[in-house]
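Structure data follow from data.cif (mmCIF, C-alpha atoms):
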```
data_final
#
loop_
_atom_site.label_atom_id
_atom_site.label_comp_id
_atom_site.auth_asym_id
_atom_site.auth_seq_id
_atom_site.Cartn_x
_atom_site.Cartn_y
_atom_site.Cartn_z
CA MET K 12 -21.16 -97.55 11.17
CA MET K 13 -19.95 -94.73 8.95
CA SER K 14 -21.73 -94.43 5.55
CA LYS K 15 -19.57 -94.78 2.45
CA HIS K 16 -20.68 -91.22 1.67
CA GLY K 17 -19.09 -89.96 4.86
CA SER K 18 -20.61 -87.80 7.50
CA PRO K 19 -23.07 -85.15 6.23
CA LEU K 20 -21.01 -82.63 8.20
CA ASP K 21 -17.77 -83.38 6.34
CA PRO K 22 -16.80 -81.41 3.20
CA ILE K 23 -16.60 -83.58 0.11
CA SER K 24 -13.18 -84.29 -1.31
CA LEU K 25 -12.27 -82.71 -4.66
CA ASP K 26 -9.78 -85.48 -5.42
CA GLY K 27 -10.78 -87.36 -8.54
CA VAL K 28 -12.76 -84.53 -10.17
CA ARG K 29 -12.73 -84.98 -13.96
CA THR K 30 -11.65 -81.84 -15.81
CA SER K 31 -11.50 -80.65 -19.42
CA ARG K 32 -9.55 -78.16 -21.54
CA LEU K 33 -11.06 -74.79 -22.48
CA GLU K 34 -10.01 -75.09 -26.13
CA LYS K 35 -11.94 -78.35 -26.47
CA ARG K 36 -15.04 -77.33 -24.54
CA HIS K 37 -18.22 -76.29 -26.41
CA SER K 38 -19.04 -72.64 -25.64
CA LYS K 39 -22.23 -70.74 -26.46
CA VAL K 40 -20.59 -67.31 -26.68
CA SER K 41 -17.57 -66.22 -28.71
CA LEU K 42 -15.97 -62.90 -29.56
CA GLN K 43 -17.26 -63.28 -33.12
CA ALA K 44 -20.76 -62.72 -31.71
CA ALA K 45 -19.85 -59.73 -29.57
CA GLY K 46 -21.13 -56.23 -30.19
CA ARG K 47 -18.90 -53.50 -31.54
CA PRO K 48 -18.53 -50.02 -30.02
CA TRP K 49 -20.23 -47.09 -31.69
CA THR K 50 -18.45 -44.51 -33.84
CA ALA K 51 -19.96 -41.03 -33.88
CA GLY K 52 -21.61 -40.10 -37.16
CA GLY K 53 -22.42 -43.64 -38.23
CA THR K 54 -25.62 -44.74 -40.00
CA PHE K 55 -28.54 -46.65 -38.56
CA ARG K 56 -27.61 -49.64 -40.70
CA GLU K 57 -24.16 -49.63 -39.10
CA PHE K 58 -25.77 -49.45 -35.66
CA LEU K 59 -27.77 -52.60 -36.41
CA ALA K 60 -24.68 -54.38 -37.71
CA ARG K 61 -22.83 -53.59 -34.48
CA LEU K 62 -25.41 -55.21 -32.21
CA PRO K 63 -24.29 -58.50 -30.61
CA HIS K 64 -25.35 -61.69 -32.36
CA ILE K 65 -26.66 -63.00 -29.05
CA LEU K 66 -30.09 -63.54 -27.45
CA ALA K 67 -32.56 -60.66 -27.95
CA ALA K 68 -30.39 -58.82 -30.47
CA GLU K 69 -30.28 -61.93 -32.63
CA SER K 70 -34.02 -62.48 -32.17
CA PHE K 71 -34.58 -58.88 -33.26
CA ARG K 72 -32.60 -59.53 -36.45
CA GLN K 73 -34.60 -62.67 -37.10
CA VAL K 74 -37.89 -60.78 -36.84
CA VAL K 75 -36.62 -58.21 -39.33
CA GLU K 76 -35.42 -60.92 -41.71
CA ARG K 77 -38.65 -62.90 -41.51
CA VAL K 78 -40.75 -59.83 -42.25
CA VAL K 79 -38.56 -58.94 -45.23
CA GLN K 80 -38.61 -62.49 -46.58
CA ALA K 81 -42.39 -62.68 -46.15
CA LYS K 82 -42.82 -59.52 -48.23
CA ARG K 83 -40.32 -60.81 -50.78
CA ARG K 84 -42.33 -64.00 -51.36
CA GLY K 85 -45.69 -62.24 -51.35
CA ALA K 86 -46.82 -63.56 -47.96
CA ARG K 87 -48.73 -61.38 -45.52
CA VAL K 88 -47.51 -59.44 -42.52
CA LEU K 89 -50.23 -58.59 -40.02
CA LEU K 90 -50.15 -56.47 -36.87
CA GLY K 91 -52.43 -57.03 -33.88
CA MET K 92 -52.15 -54.12 -31.48
CA GLY K 93 -53.55 -52.90 -28.19
CA ALA K 94 -54.24 -49.22 -27.61
CA HIS K 95 -51.09 -48.43 -25.61
CA PRO K 96 -48.79 -48.14 -28.67
CA ILE K 97 -51.14 -45.47 -30.04
CA LYS K 98 -51.08 -43.63 -26.71
CA VAL K 99 -47.27 -43.50 -26.73
CA GLY K 100 -47.15 -41.83 -30.13
CA LEU K 101 -46.63 -44.71 -32.54
CA GLY K 102 -49.54 -43.98 -34.89
CA PRO K 103 -47.33 -42.23 -37.48
CA VAL K 104 -44.85 -45.13 -37.43
CA ILE K 105 -47.62 -47.68 -38.07
CA VAL K 106 -49.17 -45.51 -40.79
CA ASP K 107 -45.79 -45.28 -42.52
CA LEU K 108 -45.49 -49.09 -42.57
CA MET K 109 -48.99 -49.30 -44.03
CA GLU K 110 -48.17 -46.75 -46.72
CA ARG K 111 -45.03 -48.69 -47.62
CA ARG K 112 -47.20 -51.84 -47.86
CA LEU K 113 -45.00 -53.51 -45.27
CA LEU K 114 -48.18 -54.27 -43.30
CA ASP K 115 -51.09 -56.03 -44.96
CA GLY K 116 -53.55 -55.38 -42.16
CA VAL K 117 -53.92 -54.10 -38.61
CA ALA K 118 -56.18 -55.48 -35.87
CA LEU K 119 -57.10 -53.23 -32.93
CA ASN K 120 -59.08 -53.59 -29.74
CA GLY K 121 -61.97 -51.23 -29.04
CA ALA K 122 -59.81 -48.75 -27.14
CA GLY K 123 -57.61 -48.41 -30.21
CA ILE K 124 -60.25 -46.54 -32.22
CA ILE K 125 -60.91 -44.18 -29.29
CA HIS K 126 -57.32 -42.98 -28.98
CA ASP K 127 -56.76 -43.05 -32.74
CA ALA K 128 -59.89 -40.97 -33.41
CA GLU K 129 -59.20 -38.47 -30.62
CA LEU K 130 -55.68 -37.87 -31.91
CA ALA K 131 -57.01 -37.38 -35.45
CA LEU K 132 -59.85 -35.08 -34.37
CA ALA K 133 -58.21 -33.10 -31.58
CA GLY K 134 -54.50 -33.88 -31.50
CA HIS K 135 -54.62 -35.22 -27.92
CA THR K 136 -55.97 -38.23 -26.01
CA SER K 137 -55.74 -40.27 -22.77
CA GLU K 138 -57.43 -39.20 -19.56
CA ASP K 139 -56.14 -39.20 -16.00
CA VAL K 140 -58.23 -42.24 -15.11
CA ALA K 141 -57.48 -42.29 -11.38
CA ALA K 142 -58.47 -38.65 -10.92
CA ALA K 143 -61.57 -38.76 -13.14
CA LEU K 144 -62.82 -42.04 -11.66
CA VAL K 145 -63.41 -40.38 -8.28
CA ASP K 146 -66.38 -38.31 -9.48
CA GLY K 147 -67.49 -40.60 -12.31
CA SER K 148 -66.33 -38.28 -15.10
CA PHE K 149 -63.93 -40.82 -16.59
CA GLY K 150 -64.97 -41.82 -20.10
CA MET K 151 -67.78 -39.29 -20.37
CA THR K 152 -66.44 -37.27 -23.31
CA ALA K 153 -69.60 -36.92 -25.38
CA ASP K 154 -68.17 -35.84 -28.74
CA THR K 155 -65.79 -38.83 -28.90
CA ALA K 156 -68.57 -41.30 -28.08
CA ASP K 157 -71.13 -39.65 -30.36
CA PHE K 158 -68.71 -39.60 -33.31
CA LEU K 159 -67.61 -43.21 -32.95
CA ASN K 160 -71.02 -44.66 -32.11
CA ALA K 161 -72.56 -42.87 -35.09
CA ALA K 162 -69.81 -44.23 -37.33
CA ILE K 163 -70.37 -47.75 -36.03
CA LYS K 164 -74.10 -47.50 -36.67
CA GLY K 165 -73.20 -46.66 -40.26
CA ALA K 166 -71.12 -49.79 -40.73
CA ARG K 167 -72.04 -51.58 -43.93
CA ALA K 168 -72.67 -55.28 -44.20
CA VAL K 169 -69.53 -55.78 -46.29
CA ASP K 170 -66.71 -53.91 -44.59
CA GLY K 171 -67.17 -53.87 -40.83
CA LEU K 172 -66.40 -51.62 -37.87
CA GLY K 173 -62.86 -50.50 -38.64
CA ALA K 174 -63.72 -49.45 -42.18
CA ALA K 175 -66.81 -47.57 -40.97
CA VAL K 176 -64.76 -45.52 -38.50
CA GLY K 177 -62.06 -44.97 -41.12
CA ARG K 178 -64.60 -43.65 -43.63
CA ALA K 179 -66.13 -41.37 -41.00
CA LEU K 180 -62.73 -39.93 -40.11
CA LEU K 181 -61.90 -39.26 -43.76
CA ALA K 182 -65.28 -37.59 -44.26
CA SER K 183 -64.84 -35.47 -41.12
CA GLY K 184 -61.89 -33.54 -42.50
CA ALA K 185 -60.18 -33.98 -39.13
CA PRO K 186 -57.02 -31.87 -38.88
CA HIS K 187 -54.68 -34.75 -38.04
CA LEU K 188 -55.86 -37.49 -40.40
CA ALA K 189 -52.31 -38.25 -41.51
CA GLN K 190 -51.63 -39.64 -38.02
CA SER K 191 -54.63 -42.00 -37.96
CA ILE K 192 -54.16 -45.75 -38.44
CA VAL K 193 -57.89 -46.29 -38.95
CA ALA K 194 -58.18 -43.51 -41.55
CA ALA K 195 -55.08 -44.87 -43.30
CA GLY K 196 -56.77 -48.25 -43.62
CA ALA K 197 -59.76 -46.70 -45.38
CA ARG K 198 -57.54 -44.48 -47.53
CA LEU K 199 -55.19 -47.28 -48.56
CA ASN K 200 -57.86 -50.00 -48.80
CA LEU K 201 -56.04 -52.08 -46.18
CA PRO K 202 -58.06 -53.95 -43.55
CA VAL K 203 -58.05 -52.33 -40.11
CA THR K 204 -60.29 -54.54 -38.01
CA VAL K 205 -61.62 -53.72 -34.54
CA HIS K 206 -62.32 -56.45 -32.01
CA VAL K 207 -64.64 -55.23 -29.27
CA ALA K 208 -65.51 -56.68 -25.88
CA LEU K 209 -68.74 -54.91 -24.97
CA GLY K 210 -68.44 -53.00 -21.72
CA THR K 211 -64.67 -52.53 -21.91
CA ASP K 212 -64.63 -49.21 -23.81
CA THR K 213 -65.75 -45.79 -22.62
CA ILE K 214 -68.00 -45.26 -25.65
CA HIS K 215 -70.17 -48.15 -24.40
CA LEU K 216 -71.23 -46.00 -21.43
CA HIS K 217 -73.04 -43.40 -23.55
CA PRO K 218 -76.68 -43.31 -24.65
CA SER K 219 -75.49 -43.08 -28.26
CA VAL K 220 -74.15 -46.67 -28.18
CA ASP K 221 -75.87 -49.31 -30.29
CA PRO K 222 -74.74 -52.66 -28.84
CA ALA K 223 -76.30 -54.68 -31.65
CA ALA K 224 -74.59 -52.63 -34.36
CA THR K 225 -71.30 -52.77 -32.43
CA GLY K 226 -71.44 -56.53 -32.04
CA ALA K 227 -72.45 -57.18 -35.64
CA ALA K 228 -69.77 -54.87 -37.04
CA SER K 229 -67.07 -56.33 -34.80
CA HIS K 230 -68.03 -59.89 -35.72
CA LEU K 231 -67.76 -58.96 -39.38
CA ASP K 232 -64.33 -57.57 -38.62
CA PHE K 233 -63.40 -60.92 -37.08
CA ARG K 234 -64.31 -62.61 -40.35
CA ILE K 235 -62.29 -60.03 -42.31
CA PHE K 236 -59.37 -60.61 -39.95
CA ALA K 237 -59.69 -64.37 -40.40
CA ARG K 238 -59.52 -63.86 -44.16
CA ALA K 239 -56.25 -61.99 -43.66
CA VAL K 240 -54.95 -64.78 -41.39
CA SER K 241 -55.80 -67.34 -44.08
CA GLY K 242 -52.97 -65.83 -46.14
CA LEU K 243 -50.33 -66.03 -43.42
CA GLN K 244 -48.63 -69.14 -44.81
CA GLY K 245 -44.98 -68.10 -44.92
CA GLY K 246 -45.91 -64.80 -43.32
CA VAL K 247 -45.57 -62.99 -40.00
CA TYR K 248 -48.07 -62.05 -37.29
CA LEU K 249 -47.00 -59.45 -34.73
CA ASN K 250 -48.89 -59.07 -31.46
CA VAL K 251 -47.97 -55.74 -29.85
CA GLY K 252 -49.24 -54.64 -26.47
CA SER K 253 -52.31 -56.86 -26.19
CA ALA K 254 -52.16 -59.31 -23.30
CA VAL K 255 -55.59 -60.93 -23.59
CA LEU K 256 -58.06 -59.88 -26.27
CA LEU K 257 -56.08 -60.02 -29.51
CA PRO K 258 -54.17 -63.21 -28.62
CA GLU K 259 -57.57 -64.86 -28.12
CA VAL K 260 -58.92 -63.44 -31.39
CA PHE K 261 -55.81 -64.59 -33.26
CA LEU K 262 -56.03 -68.12 -31.83
CA LYS K 263 -59.67 -68.43 -32.93
CA ALA K 264 -58.86 -67.10 -36.39
CA VAL K 265 -56.07 -69.68 -36.74
CA THR K 266 -58.34 -72.60 -35.87
CA LEU K 267 -61.10 -71.27 -38.16
CA VAL K 268 -58.89 -71.00 -41.24
CA ARG K 269 -57.31 -74.40 -40.60
CA ASN K 270 -60.79 -75.86 -40.18
CA LEU K 271 -61.73 -74.38 -43.56
CA GLY K 272 -58.74 -76.08 -45.20
CA TYR K 273 -56.23 -73.23 -45.52
CA GLN K 274 -52.59 -74.21 -45.18
CA LEU K 275 -50.98 -72.60 -42.15
CA ASP K 276 -47.98 -74.65 -41.11
CA ASP K 277 -45.18 -72.18 -41.87
CA LEU K 278 -45.82 -69.15 -39.72
CA THR K 279 -43.71 -66.71 -37.72
CA THR K 280 -45.42 -65.14 -34.72
CA VAL K 281 -43.94 -62.31 -32.69
CA ASN K 282 -44.99 -60.89 -29.34
CA MET K 283 -43.72 -57.47 -28.29
CA ASP K 284 -44.51 -56.04 -24.87
CA PHE K 285 -42.73 -54.67 -21.82
CA HIS K 286 -43.88 -57.63 -19.68
CA ARG K 287 -44.20 -61.33 -20.39
CA HIS K 288 -47.82 -62.51 -20.33
CA TYR K 289 -49.38 -65.96 -20.42
CA ARG K 290 -51.80 -65.60 -23.34
CA PRO K 291 -49.43 -64.03 -25.87
CA ARG K 292 -46.80 -66.63 -25.03
CA VAL K 293 -49.19 -69.57 -25.38
CA ASN K 294 -51.82 -68.37 -27.87
CA VAL K 295 -49.52 -66.41 -30.18
CA LEU K 296 -46.03 -67.88 -29.86
CA GLN K 297 -46.54 -71.55 -28.99
CA ARG K 298 -49.84 -73.09 -30.08
CA PRO K 299 -50.18 -71.62 -33.61
CA THR K 300 -46.58 -72.56 -34.53
CA ARG K 301 -46.65 -76.07 -33.06
CA VAL K 302 -47.00 -77.70 -36.49
CA GLY K 303 -44.47 -75.44 -38.17
CA GLY K 304 -42.84 -72.05 -37.85
CA ARG K 305 -41.46 -70.14 -34.92
CA GLY K 306 -42.60 -67.82 -32.15
CA ILE K 307 -40.27 -64.98 -31.12
CA GLU K 308 -40.64 -62.75 -28.06
CA LEU K 309 -39.11 -59.27 -27.80
CA ILE K 310 -39.40 -57.50 -24.46
CA GLY K 311 -39.09 -53.73 -24.19
CA HIS K 312 -41.00 -50.45 -24.17
CA HIS K 313 -43.16 -49.90 -27.25
CA GLU K 314 -41.99 -46.34 -27.77
CA ILE K 315 -38.44 -47.64 -28.25
CA MET K 316 -38.86 -51.12 -29.72
CA ILE K 317 -41.47 -50.40 -32.40
CA PRO K 318 -39.59 -47.49 -34.03
CA LEU K 319 -36.41 -49.59 -33.93
CA LEU K 320 -38.12 -52.55 -35.57
CA ALA K 321 -39.87 -50.39 -38.17
CA ALA K 322 -36.64 -48.59 -39.08
CA ALA K 323 -34.73 -51.86 -39.30
CA ILE K 324 -37.34 -53.35 -41.64
CA VAL K 325 -37.33 -50.24 -43.85
CA GLU K 326 -33.52 -50.32 -44.01
CA ARG K 327 -33.46 -54.03 -44.79
CA MET K 328 -36.09 -53.63 -47.52
CA ALA K 329 -34.07 -50.76 -49.02
CA GLY K 330 -31.06 -53.04 -49.09
CA GLU K 331 -33.13 -55.74 -50.80
CA ASN K 332 -34.32 -53.25 -53.42
CA MET K 333 -30.81 -51.97 -54.08
CA ALA K 334 -29.47 -55.50 -54.42
CA GLY K 335 -32.33 -56.41 -56.75
CA GLY K 336 -31.86 -53.26 -58.84
#
```
Give the structure from this file in structure tokens form.
Amino acid sequence: MMSKHGSPLDPISLDGVRTSRLEKRHSKVSLQAAGRPWTAGGTFREFLARLPHILAAESFRQVVERVVQAKRRGARVLLGMGAHPIKVGLGPVIVDLMERRLLDGVALNGAGIIHDAELALAGHTSEDVAAALVDGSFGMTADTADFLNAAIKGARAVDGLGAAVGRALLASGAPHLAQSIVAAGARLNLPVTVHVALGTDTIHLHPSVDPAATGAASHLDFRIFARAVSGLQGGVYLNVGSAVLLPEVFLKAVTLVRNLGYQLDDLTTVNMDFHRHYRPRVNVLQRPTRVGGRGIELIGHHEIMIPLLAAAIVERMAGENMAGG
């Protein structure tokens, strides 16, 4: 007996399909949201205005707006950053945001101070790891390790690892101090905290390392970072180029400050990287904003996305100042 559905080999009939009219159908995209072609000689502000109001371009605008509104209301904007953005030449861009007081603090991993210090001291950084690993010479630069490990040993009980390295850089008279994020923190009295996993950084391989001093100074930096996170109500936290360590540190800081009674239910978190990763998505974008706020992900190369974001924020703040004046 033939099934009422017909033979599985027969094509289904299209008779009786219910249809609708295009003018009455809800659509997610309209020409009003489309981008506009570029005109030679235009300004950066015009470029931003011509971006489509769709998907990542709209998310990009929202990040800019949330940073500007956070600064307008006196809330904090914090940056957590892996070492790769420093290696691709973004130190001067970050320092500029610090000098403009558009960032209220920067958190780095242990590799961050290595590349930052080498650029300040020598104007170059980043080894050919694959080649140097063959004969065990990778990470064995003595002057880098001796400088940083001595600075860490000099960390005071009140200001932690990042401040100790920043003070040492300023005292060194290094020729490229203006490019250093860590030195800028000490110069501007802004927290630059360093979150170390012992054994992950090349300076841990040298006889000059003091593991106890490193651990104590980094733990103090965690507490300083948590203090900064306690003021993120209505603010923005940006995680840039850290797939594991800083998302974990941020998550622990969030639970600590909530445990201590600080209000943190209106928070914008942003993750920027050139790949999607589990921990930033869950520990930065989703879990901390579950009770209020929003997580936004922007995917793209740091050397393009960070200068674009920084320039857009500076332009937007300039517009705010002109409107207010």
TODO: Check which residues satisfy the PyMOL selection byres ((chain K and resi 87) around 12) in the file shown, then give them as an NGL selection string.
DONE: :K and (77-86 or 88-90 or 112-117 or 201 or 238-249 or 275 or 277-280)
TODO: Quick one: everything within 9 Å of range 167-173 of chain K, counting all atoms listed in the file, minus sequence neighbours fewer than 3 positions away in the same chain. Send it as number ranges by chain.
DONE: K: 118-119, 124, 162-164, 176-178, 193-194, 196-197, 202-206, 224-225, 227-233, 235
Open item on the list: Between K:Gln73, K:Thr211, K:Gln274, K:Asn200, which residue has the minimum interatomic distance to Ile125 in chain K, considering only C-alpha atoms?
Closed with: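 Residue with the minimum atom-to-atom distance to Ile125 in chain K: K:Thr211.
When CA of Leu108 in chain K is paired with CA of Glu314 in chain K, their separation reads 15.5 Å.
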TODO: Give as a ChimeraX atom specification the residues that the PyMOL selection byres ((chain K and resi 153) around 12) matches when applied to the coordinates above.
DONE: /K:125,129,148-152,154-161,213-220
Open item on the list: Using Å and a single decimal, report how far CA of Arg327 in chain K sits from CA of Glu76 in chain K.
Closed with: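 Distance reported for this atom pair: 7.8 Å.
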- [ ] Evaluate the PyMOL selection byres ((chain K and resi 190-192) around 7) here and jot the selected residues down as a list in words.
- [x]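 After applying the PyMOL selection byres ((chain K and resi 190-192) around 7), what remains is Gly102, Pro103, Ile105, Val106, Asp127, Ala131, His187, Leu188, Ala189, Val193, Ala194, Ala195 and Gly196 of chain K.
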Task: 7 Å contact set for Leu309 in chain K, all atoms listed in the file, chain neighbours under 6 positions out, as a VMD selection string - done: chain K and resid 67 282 to 284
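Our summary of the geometry notes that CA of Ala223 in chain K is positioned 15.1 Å from CA of Ala175 in chain K.
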If the box runs along x, y and z of the file and leaves 3 Å on each side of range 143-150 of chain K, what are its centre and edge lengths in Å, one decimal, as lines of an AutoDock Vina configuration file?
```
center_x = -64.5
center_y = -40.2
center_z = -14.2
size_x = 11.9
size_y = 9.8
size_z = 17.8
```
Open item on the list: Here's a test: counting only C-alpha atoms, identify every protein, DNA and RNA residue with an atom at most 10 Å from (-60.3, -28.2, -35.0) in the file's coordinate frame, and state them as an MDAnalysis selection string.
Closed with: chainID K and resid 131:134 184:187
TODO: Could you give me, as number ranges by chain, the residues within 8 Å of range 40-52 of chain K, counting all atoms listed in the file and dropping anything in the same chain fewer than 4 positions from it?
DONE: K: 58, 61-65
Open item on the list: Let me make sure I understand: among K:Leu257, K:Ile307, K:Glu110, K:Ala128, which one has the smallest atom-to-atom distance to Met92 in chain K if we use all atoms listed in the file?
Closed with: K:Leu257
Open item on the list: Given all atoms listed in the file as the basis, pick out the residue of K:Ser70, K:Ser183, K:Glu326, K:Pro22 nearest to Val281 in chain K.
Closed with: K:Ser70
Task: Contacts of Leu101 in chain K at 12 Å (only C-alpha atoms; same-chain gap of 6+ positions) as a VMD selection string - done: chain K and resid 92 to 95 107 to 108 123 126 to 127 130 190 to 192 251 to 252 312 to 321
For the residues selected in the previous step, produce a file with C-alpha atoms as a PDB file, keeping the file's coordinate frame.
```pdb
ATOM      1  CA  MET K  92     -52.150 -54.120 -31.480  1.00  0.00           C
ATOM      2  CA  GLY K  93     -53.550 -52.900 -28.190  1.00  0.00           C
ATOM      3  CA  ALA K  94     -54.240 -49.220 -27.610  1.00  0.00           C
ATOM      4  CA  HIS K  95     -51.090 -48.430 -25.610  1.00  0.00           C
ATOM      5  CA  ASP K 107     -45.790 -45.280 -42.520  1.00  0.00           C
ATOM      6  CA  LEU K 108     -45.490 -49.090 -42.570  1.00  0.00           C
ATOM      7  CA  GLY K 123     -57.610 -48.410 -30.210  1.00  0.00           C
ATOM      8  CA  HIS K 126     -57.320 -42.980 -28.980  1.00  0.00           C
ATOM      9  CA  ASP K 127     -56.760 -43.050 -32.740  1.00  0.00           C
ATOM     10  CA  LEU K 130     -55.680 -37.870 -31.910  1.00  0.00           C
ATOM     11  CA  GLN K 190     -51.630 -39.640 -38.020  1.00  0.00           C
ATOM     12  CA  SER K 191     -54.630 -42.000 -37.960  1.00  0.00           C
ATOM     13  CA  ILE K 192     -54.160 -45.750 -38.440  1.00  0.00           C
ATOM     14  CA  VAL K 251     -47.970 -55.740 -29.850  1.00  0.00           C
ATOM     15  CA  GLY K 252     -49.240 -54.640 -26.470  1.00  0.00           C
ATOM     16  CA  HIS K 312     -41.000 -50.450 -24.170  1.00  0.00           C
ATOM     17  CA  HIS K 313     -43.160 -49.900 -27.250  1.00  0.00           C
ATOM     18  CA  GLU K 314     -41.990 -46.340 -27.770  1.00  0.00           C
ATOM     19  CA  ILE K 315     -38.440 -47.640 -28.250  1.00  0.00           C
ATOM     20  CA  MET K 316     -38.860 -51.120 -29.720  1.00  0.00           C
ATOM     21  CA  ILE K 317     -41.470 -50.400 -32.400  1.00  0.00           C
ATOM     22  CA  PRO K 318     -39.590 -47.490 -34.030  1.00  0.00           C
ATOM     23  CA  LEU K 319     -36.410 -49.590 -33.930  1.00  0.00           C
ATOM     24  CA  LEU K 320     -38.120 -52.550 -35.570  1.00  0.00           C
ATOM     25  CA  ALA K 321     -39.870 -50.390 -38.170  1.00  0.00           C
TER      26      ALA K 321
END
```
Using the partial input, fill out range 59-65 of chain K with all heavy atoms; write the result as a PDB file, in the frame of the given file.
```pdb
ATOM      1  N   LEU K  59     -27.202 -51.259 -36.452  1.00  0.00           N
ATOM      2  CA  LEU K  59     -27.770 -52.600 -36.410  1.00  0.00           C
ATOM      3  C   LEU K  59     -26.694 -53.662 -36.570  1.00  0.00           C
ATOM      4  O   LEU K  59     -26.719 -54.697 -35.897  1.00  0.00           O
ATOM      5  CB  LEU K  59     -28.821 -52.754 -37.510  1.00  0.00           C
ATOM      6  CG  LEU K  59     -30.092 -51.904 -37.360  1.00  0.00           C
ATOM      7  CD1 LEU K  59     -30.946 -52.037 -38.605  1.00  0.00           C
ATOM      8  CD2 LEU K  59     -30.879 -52.305 -36.122  1.00  0.00           C
ATOM      9  N   ALA K  60     -25.754 -53.413 -37.459  1.00  0.00           N
ATOM     10  CA  ALA K  60     -24.680 -54.380 -37.710  1.00  0.00           C
ATOM     11  C   ALA K  60     -23.781 -54.557 -36.495  1.00  0.00           C
ATOM     12  O   ALA K  60     -23.154 -55.608 -36.325  1.00  0.00           O
ATOM     13  CB  ALA K  60     -23.858 -53.953 -38.912  1.00  0.00           C
ATOM     14  N   ARG K  61     -23.712 -53.533 -35.646  1.00  0.00           N
ATOM     15  CA  ARG K  61     -22.830 -53.590 -34.480  1.00  0.00           C
ATOM     16  C   ARG K  61     -23.482 -54.226 -33.255  1.00  0.00           C
ATOM     17  O   ARG K  61     -22.820 -54.435 -32.247  1.00  0.00           O
ATOM     18  CB  ARG K  61     -22.344 -52.180 -34.127  1.00  0.00           C
ATOM     19  CG  ARG K  61     -21.374 -51.603 -35.160  1.00  0.00           C
ATOM     20  CD  ARG K  61     -21.081 -50.137 -34.883  1.00  0.00           C
ATOM     21  NE  ARG K  61     -20.281 -49.553 -35.952  1.00  0.00           N
ATOM     22  CZ  ARG K  61     -19.058 -49.031 -35.785  1.00  0.00           C
ATOM     23  NH1 ARG K  61     -18.512 -49.032 -34.588  1.00  0.00           N
ATOM     24  NH2 ARG K  61     -18.398 -48.515 -36.799  1.00  0.00           N
ATOM     25  N   LEU K  62     -24.768 -54.522 -33.329  1.00  0.00           N
ATOM     26  CA  LEU K  62     -25.410 -55.210 -32.210  1.00  0.00           C
ATOM     27  C   LEU K  62     -24.817 -56.603 -32.041  1.00  0.00           C
ATOM     28  O   LEU K  62     -24.410 -57.241 -33.020  1.00  0.00           O
ATOM     29  CB  LEU K  62     -26.915 -55.326 -32.459  1.00  0.00           C
ATOM     30  CG  LEU K  62     -27.735 -54.048 -32.443  1.00  0.00           C
ATOM     31  CD1 LEU K  62     -29.173 -54.354 -32.852  1.00  0.00           C
ATOM     32  CD2 LEU K  62     -27.699 -53.388 -31.076  1.00  0.00           C
ATOM     33  N   PRO K  63     -24.779 -57.124 -30.805  1.00  0.00           N
ATOM     34  CA  PRO K  63     -24.290 -58.500 -30.610  1.00  0.00           C
ATOM     35  C   PRO K  63     -25.170 -59.504 -31.356  1.00  0.00           C
ATOM     36  O   PRO K  63     -26.365 -59.275 -31.555  1.00  0.00           O
ATOM     37  CB  PRO K  63     -24.411 -58.699 -29.091  1.00  0.00           C
ATOM     38  CG  PRO K  63     -24.486 -57.331 -28.509  1.00  0.00           C
ATOM     39  CD  PRO K  63     -25.152 -56.474 -29.540  1.00  0.00           C
ATOM     40  N   HIS K  64     -24.591 -60.593 -31.750  1.00  0.00           N
ATOM     41  CA  HIS K  64     -25.350 -61.690 -32.360  1.00  0.00           C
ATOM     42  C   HIS K  64     -25.698 -62.704 -31.271  1.00  0.00           C
ATOM     43  O   HIS K  64     -25.372 -63.895 -31.358  1.00  0.00           O
ATOM     44  CB  HIS K  64     -24.527 -62.338 -33.484  1.00  0.00           C
ATOM     45  CG  HIS K  64     -24.415 -61.482 -34.700  1.00  0.00           C
ATOM     46  ND1 HIS K  64     -25.267 -61.593 -35.784  1.00  0.00           N
ATOM     47  CD2 HIS K  64     -23.579 -60.463 -34.983  1.00  0.00           C
ATOM     48  CE1 HIS K  64     -24.952 -60.700 -36.690  1.00  0.00           C
ATOM     49  NE2 HIS K  64     -23.932 -59.999 -36.243  1.00  0.00           N
ATOM     50  N   ILE K  65     -26.369 -62.209 -30.246  1.00  0.00           N
ATOM     51  CA  ILE K  65     -26.660 -63.000 -29.050  1.00  0.00           C
ATOM     52  C   ILE K  65     -28.064 -62.660 -28.563  1.00  0.00           C
ATOM     53  O   ILE K  65     -28.472 -61.493 -28.601  1.00  0.00           O
ATOM     54  CB  ILE K  65     -25.629 -62.716 -27.927  1.00  0.00           C
ATOM     55  CG1 ILE K  65     -24.215 -63.114 -28.363  1.00  0.00           C
ATOM     56  CG2 ILE K  65     -25.988 -63.457 -26.635  1.00  0.00           C
ATOM     57  CD1 ILE K  65     -23.117 -62.684 -27.411  1.00  0.00           C
TER      58      ILE K  65
END
```
